[in-house]
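Content type mmCIF, C-alpha atoms, from the file target_33.cif:
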data_protein
loop_
_atom_site.label_atom_id
_atom_site.label_comp_id
_atom_site.auth_asym_id
_atom_site.auth_seq_id
_atom_site.Cartn_x
_atom_site.Cartn_y
_atom_site.Cartn_z
CA MET A 1033 100.66 170.37 89.18
CA ILE A 1034 98.29 172.47 87.10
CA THR A 1035 95.23 170.69 85.69
CA THR A 1036 92.62 171.58 83.08
CA ASN A 1037 90.18 172.11 85.96
CA ASP A 1038 92.44 174.83 87.39
CA ILE A 1039 92.35 176.65 84.04
CA LEU A 1040 88.59 176.24 83.61
CA ASN A 1041 87.89 177.46 87.15
CA PHE A 1042 89.83 180.64 86.35
CA ALA A 1043 88.08 180.99 83.00
CA PHE A 1044 84.62 180.75 84.55
CA THR A 1045 85.34 183.67 86.88
CA HIS A 1046 87.04 185.89 84.27
CA LYS A 1047 85.15 185.08 81.02
CA VAL A 1048 87.79 186.72 78.76
CA PHE A 1049 91.38 186.49 79.98
CA THR A 1050 94.98 186.60 78.87
CA ARG A 1051 97.64 183.98 79.31
CA LYS A 1052 99.58 186.41 81.53
CA GLU A 1053 96.56 186.84 83.84
CA LEU A 1054 96.13 183.08 84.07
CA ILE A 1055 99.81 182.53 84.91
CA ALA A 1056 99.74 185.26 87.57
CA ASN A 1057 96.69 183.65 89.19
CA LEU A 1058 98.23 180.17 89.15
CA LYS A 1059 101.49 181.49 90.62
CA SER A 1060 99.61 183.18 93.47
CA GLY A 1061 98.09 179.82 94.36
CA ASN A 1062 101.37 177.95 93.91
CA GLN A 1063 99.76 175.89 91.15
CA ILE A 1064 101.99 176.77 88.22
CA GLY A 1065 104.40 174.14 86.98
CA SER A 1066 106.58 174.19 83.90
CA PRO A 1067 105.56 176.37 80.91
CA GLY A 1068 105.32 173.19 78.85
CA THR A 1069 102.69 171.71 81.18
CA LEU A 1070 100.52 174.84 80.96
CA SER A 1071 100.83 174.89 77.16
CA GLU A 1072 99.85 171.21 76.98
CA GLN A 1073 96.75 171.72 79.13
CA MET A 1074 95.74 174.82 77.16
CA TYR A 1075 96.16 172.90 73.90
CA ARG A 1076 93.86 170.13 75.17
CA LEU A 1077 91.15 172.63 76.12
CA LEU A 1078 91.40 174.43 72.79
CA LYS A 1079 91.32 171.20 70.80
CA SER A 1080 88.27 169.90 72.72
CA GLY A 1081 86.42 173.20 72.28
CA GLN A 1082 86.30 173.96 76.00
CA LEU A 1083 88.27 177.16 75.37
CA ILE A 1084 88.29 179.57 72.42
CA ARG A 1085 91.31 181.62 71.33
CA LEU A 1086 90.19 185.17 70.45
CA GLU A 1087 93.67 186.32 69.47
CA ARG A 1088 97.23 185.49 70.41
CA GLY A 1089 97.36 185.06 74.19
CA VAL A 1090 93.66 185.94 74.74
CA TYR A 1091 91.02 183.31 75.50
CA LYS A 1092 87.39 182.88 76.48
CA LEU A 1093 84.87 180.16 77.21
CA PRO A 1094 82.27 179.09 74.65
CA ASP A 1095 78.99 180.98 75.11
CA ASP A 1096 77.19 177.79 76.19
CA ALA A 1097 79.99 176.54 78.45
CA ARG A 1098 79.18 174.68 81.64
CA LYS A 1099 82.03 173.31 83.65
CA ASN A 1100 82.07 169.88 85.22
CA PHE A 1101 81.45 169.88 88.96
CA SER A 1102 84.41 169.00 91.16
CA ALA A 1103 84.15 168.71 94.93
CA VAL A 1104 86.68 170.80 96.82
CA CYS A 1105 89.69 168.62 97.75
CA SER A 1106 91.40 170.13 100.79
CA GLU A 1107 94.62 169.00 102.43
CA GLU A 1108 92.55 167.58 105.29
CA MET A 1109 90.55 165.52 102.81
CA ARG A 1110 93.73 164.17 101.25
CA LYS A 1111 95.02 163.05 104.64
CA ILE A 1112 91.73 161.36 105.55
CA ASN A 1113 91.65 159.68 102.16
CA GLN A 1114 95.15 158.28 102.65
CA ARG A 1115 94.32 156.93 106.12
CA ILE A 1116 91.24 155.11 104.88
CA LYS A 1117 92.97 153.84 101.76
CA ASN A 1118 95.90 152.46 103.77
CA LYS A 1119 93.69 150.73 106.33
CA PHE A 1120 90.79 149.63 104.10
CA PRO A 1121 92.16 149.34 100.54
CA PHE A 1122 89.19 147.39 99.14
CA VAL A 1123 86.35 149.40 100.68
CA ASP A 1124 84.10 151.70 98.64
CA TYR A 1125 83.82 155.21 100.06
CA CYS A 1126 83.76 158.85 99.08
CA LEU A 1127 84.74 162.11 100.73
CA TRP A 1128 83.35 165.60 100.39
CA SER A 1129 82.99 168.84 102.29
CA GLY A 1130 79.81 170.77 102.96
CA SER A 1131 81.70 173.87 101.80
CA SER A 1132 81.33 172.56 98.23
CA LEU A 1133 77.73 173.85 98.35
CA MET A 1134 78.56 177.38 99.45
CA PRO A 1135 79.05 178.89 95.94
CA TYR A 1136 75.45 177.97 95.05
CA MET A 1137 73.66 179.38 98.09
CA HIS A 1138 72.05 182.76 98.72
CA HIS A 1139 72.30 182.68 102.51
CA ILE A 1140 75.62 181.06 103.35
CA PRO A 1141 75.76 179.16 106.66
CA ASN A 1142 78.88 177.92 108.39
CA LEU A 1143 79.36 174.56 106.65
CA ASN A 1144 82.34 173.05 108.44
CA LEU A 1145 81.34 169.44 107.90
CA MET A 1146 83.43 166.74 106.25
CA PHE A 1147 81.41 163.77 105.00
CA VAL A 1148 82.83 160.27 104.80
CA ASP A 1149 80.30 158.07 103.01
CA VAL A 1150 81.44 154.46 103.37
CA GLU A 1151 80.07 150.93 103.14
CA ARG A 1152 77.84 150.35 106.15
CA GLU A 1153 79.68 147.16 107.17
CA VAL A 1154 82.91 149.05 107.89
CA ALA A 1155 81.44 152.40 108.96
CA GLU A 1156 82.19 151.76 112.65
CA SER A 1157 85.77 150.69 111.91
CA VAL A 1158 86.33 153.86 109.85
CA PHE A 1159 84.82 155.87 112.70
CA ASN A 1160 87.24 154.31 115.18
CA LEU A 1161 90.18 155.01 112.86
CA LEU A 1162 89.38 158.67 112.33
CA ASN A 1163 88.20 159.29 115.87
CA ALA A 1164 91.57 158.14 117.21
CA GLU A 1165 93.59 160.36 114.88
CA SER A 1166 91.54 163.49 114.16
CA ASN A 1167 91.55 166.72 116.14
CA LYS A 1168 87.93 167.23 115.11
CA ARG A 1169 84.88 165.57 116.60
CA VAL A 1170 83.82 162.51 114.62
CA PHE A 1171 80.23 161.25 114.52
CA LEU A 1172 78.94 157.89 113.33
CA MET A 1173 75.62 158.15 111.49
CA PRO A 1174 74.22 160.85 113.84
CA SER A 1175 70.50 161.04 114.49
CA PRO A 1176 68.55 164.31 114.05
CA THR A 1177 68.81 164.83 117.81
CA ASP A 1178 72.57 164.23 117.77
CA TYR A 1179 72.92 166.72 114.94
CA GLU A 1180 70.87 169.40 116.67
CA ARG A 1181 72.60 168.99 120.04
CA TYR A 1182 76.23 168.35 119.13
CA ILE A 1183 76.97 169.22 115.52
CA SER A 1184 74.88 171.95 113.87
CA THR A 1185 77.39 174.60 112.70
CA ASN A 1186 80.38 173.14 114.57
CA GLU A 1187 83.35 171.58 112.81
CA ALA A 1188 82.93 167.82 112.54
CA ILE A 1189 83.59 164.71 110.47
CA ILE A 1190 80.44 162.69 109.82
CA ILE A 1191 80.56 159.01 108.90
CA ARG A 1192 77.54 158.05 106.80
CA PRO A 1193 76.48 154.89 104.97
CA LEU A 1194 77.32 154.85 101.27
CA ILE A 1195 74.31 153.87 99.18
CA SER A 1196 75.17 151.14 96.67
CA GLU A 1197 75.66 152.37 93.10
CA SER A 1198 76.13 155.95 94.28
CA PRO A 1199 77.42 158.13 91.41
CA LEU A 1200 81.05 158.94 92.23
CA GLN A 1201 84.03 160.48 90.44
CA LEU A 1202 87.77 160.45 91.03
CA ILE A 1203 89.21 163.93 91.68
CA GLU A 1204 92.91 164.28 92.48
CA GLY A 1205 93.02 160.61 93.42
CA ILE A 1206 90.09 160.93 95.84
CA ASN A 1207 86.67 159.35 95.36
CA THR A 1208 84.17 162.21 95.56
CA PRO A 1209 80.45 162.49 94.79
CA THR A 1210 79.19 163.65 91.43
CA ILE A 1211 76.84 166.62 91.36
CA GLU A 1212 73.92 164.19 90.90
CA LYS A 1213 74.66 162.50 94.24
CA ILE A 1214 74.88 165.83 96.04
CA LEU A 1215 71.61 167.08 94.52
CA VAL A 1216 69.82 164.02 95.89
CA ASP A 1217 71.60 163.95 99.26
CA ILE A 1218 70.60 167.51 100.11
CA VAL A 1219 66.95 166.54 99.71
CA GLY A 1220 66.24 164.94 103.07
CA ASP A 1221 69.62 164.34 104.74
CA ILE A 1222 69.57 165.84 108.24
CA GLU A 1223 72.81 167.73 107.65
CA PHE A 1224 70.98 169.84 105.05
CA SER A 1225 67.71 170.40 106.85
CA PHE A 1226 68.34 174.16 106.60
CA LEU A 1227 67.95 173.86 102.81
CA GLN A 1228 64.22 174.36 102.45
CA GLY A 1229 61.89 176.44 100.33
CA SER A 1230 63.58 179.18 98.31
CA GLU A 1231 67.08 178.16 99.45
CA ILE A 1232 67.02 174.66 97.96
CA ASN A 1233 65.41 176.11 94.82
CA GLN A 1234 68.33 178.54 94.63
CA VAL A 1235 70.86 175.70 94.96
CA TYR A 1236 69.20 173.57 92.27
CA THR A 1237 68.80 176.49 89.85
CA THR A 1238 72.37 177.74 90.28
CA ILE A 1239 73.90 174.29 89.92
CA PHE A 1240 71.95 173.60 86.72
CA GLU A 1241 73.04 176.99 85.35
CA ARG A 1242 76.74 176.38 86.02
CA HIS A 1243 77.17 172.65 85.49
CA GLY A 1244 76.08 169.87 83.23
CA VAL A 1245 73.72 167.58 85.18
CA ASN A 1246 72.85 164.09 83.96
CA LYS A 1247 69.12 163.89 84.69
CA ASN A 1248 68.95 160.13 84.11
CA LYS A 1249 71.71 159.58 86.65
CA LEU A 1250 70.04 162.05 89.02
CA ILE A 1251 66.66 160.31 88.90
CA ARG A 1252 68.21 156.84 89.11
CA TYR A 1253 70.04 157.72 92.33
CA ALA A 1254 67.01 159.58 93.69
CA THR A 1255 64.97 156.41 93.13
CA ARG A 1256 67.52 154.33 95.06
CA ARG A 1257 67.23 156.80 97.93
CA GLY A 1258 63.42 156.91 97.84
CA ARG A 1259 63.45 160.58 96.84
CA LYS A 1260 62.39 160.44 93.22
CA GLU A 1261 59.14 162.34 93.78
CA GLU A 1262 60.84 165.16 95.75
CA VAL A 1263 63.62 165.59 93.18
CA GLU A 1264 61.23 165.56 90.22
CA GLN A 1265 59.10 168.19 91.97
CA LEU A 1266 62.16 170.42 92.34
CA LEU A 1267 62.94 170.00 88.65
CA ARG A 1268 59.37 170.92 87.69
CA THR A 1269 59.17 173.88 90.09
CA ASN A 1270 62.38 175.39 88.78
CA LYS A 1271 61.75 174.38 85.13
CA LEU A 1272 65.03 172.47 84.97
#

Can I see the file as structure tokens?
Amino acid sequence: MITTNDILNFAFTHKVFTRKELIANLKSGNQIGSPGTLSEQMYRLLKSGQLIRLERGVYKLPDDARKNFSAVCSEEMRKINQRIKNKFPFVDYCLWSGSSLMPYMHHIPNLNLMFVDVEREVAESVFNLLNAESNKRVFLMPSPTDYERYISTNEAIIIRPLISESPLQLIEGINTPTIEKILVDIVGDIEFSFLQGSEINQVYTTIFERHGVNKNKLIRYATRRGRKEEVEQLLRTNKL
């Protein structure tokens, strides 16, 4: 079913667009539902000020618009989410793909990693569950050596410990990280060791340009991860 995020994602790539163009795009992605559903979602965006009507059937984003970040939810992610939810209904976890970072990078590597951040106490049980059912290689909290030898740019699912009070959001029924969590995780996690110098500056700058970032939430999580100084330095360097 079409969501307001689907409409906003189209709007951010087209700036000014017509209703017909939007419908054609949604149909090509098999996202269009009933005309009434589309009209309802458009009405919500117009009423909240997230869209502006220029004339009948023609729309644009506000000049200062920044869309909320949403991690990419693939079919694979939905299946993994359902497996974990069925087996461990009371466990805190989140899922996200390394490909979520690709739109913000200058040099785009092959990011075929799926991250399953889960409470440390059940990390091994989740590993056993996914390792038995997945056609991809699954790694449990890999060391830097493990990553260099066996993972690198290969496809893999990585089980990692979920830091308590991590900032999360529910997208399409799946717990995913907020942009603040990702901005802190990429500073120091071995899976993102390639993000150094100008590349991580590029990621930070582009994300701040395109999305609203809660700096208090960002610094709070960075403090919990022992990365406050590094994150604050990135903010200063890039004047964010």

* To do: For the structure shown, which residues end up in the PyMOL selection byres ((chain A and resi 1197) around 10)? Put them as a count of residues only, please?
  => 9

* Smallest atom-to-atom distance to A:Leu1202: which of A:Thr1045, A:Leu1054, A:Cys1105, A:Gly1089, using all atoms listed in the file? -> A:Cys1105

* Matched chain/residue IDs from the PyMOL selection byres ((chain A and resi 1107-1115) around 10), as a ChimeraX atom specification -> /A:1104-1106,1116-1121,1125-1129,1146-1148,1158,1161-1162,1165-1166,1204-1207

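Each of A:Lys1271, A:Arg1088, A:Arg1152, A:Lys1099 was checked against A:Ile1039 using all atoms listed in the file; the smallest atom-to-atom distance is that of A:Lys1099.
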
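Once the PyMOL selection byres ((chain A and resi 1233-1243) around 8) is applied to the depicted file, the selected set reads Arg1098, Lys1099, Asn1100, Phe1101, Leu1133, Tyr1136, Met1137, His1138, Leu1215, Gln1228, Gly1229, Ser1230, Glu1231, Ile1232, Gly1244, Val1245, Leu1266, Asn1270 and Leu1272 of chain A.
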
* Any idea what the distance is between atom CA of A:Ile1183 and atom CA of A:Ile1222? -> 10.9 Å

* To do: Tell me, as a ChimeraX atom specification, which residues lie within 10 Å of A:Ile1190, counting all atoms listed in the file; anything in the same chain fewer than 4 positions away does not count.
  => /A:1145-1149,1159,1169-1174,1179,1183,1223

* **Residue contacts of A:Glu1261 (12 Å, all atoms listed in the file) excluding same-chain residues fewer than 3 positions away, as a list of chain:residue names** => A:Val1216, A:Val1219, A:Gly1220, A:Leu1250, A:Ile1251, A:Arg1252, A:Tyr1253, A:Ala1254, A:Thr1255, A:Arg1256, A:Arg1257, A:Gly1258, A:Glu1264, A:Gln1265, A:Leu1266, A:Leu1267, A:Arg1268

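Minimum atom-to-atom distances from A:Asn1167, A:Thr1069, A:Thr1210, A:Asn1057 to A:Lys1249 were compared using all atoms listed in the file, and the lowest value belongs to A:Thr1210.
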
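From atom CA of A:Ile1218 back to atom CA of A:Leu1040, the distance works out to 25.9 Å.
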
Centre, x/y/z edge lengths, axis-aligned box for stretch 1212-1220 of chain A with 5 Å per side, as lines of an AutoDock Vina configuration file:
center_x = 70.6
center_y = 165.0
center_z = 97.0
size_x = 18.6
size_y = 15.0
size_z = 22.2

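Picture a line from atom CA of A:Ala1056 to atom CA of A:Leu1078; it runs 20.1 Å.
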
* Of the candidates A:Tyr1182, A:Ile1211, A:Gln1082, A:Leu1070, which shows the shortest atom-to-atom distance to A:Ser1132, using all atoms listed in the file? -> A:Ile1211
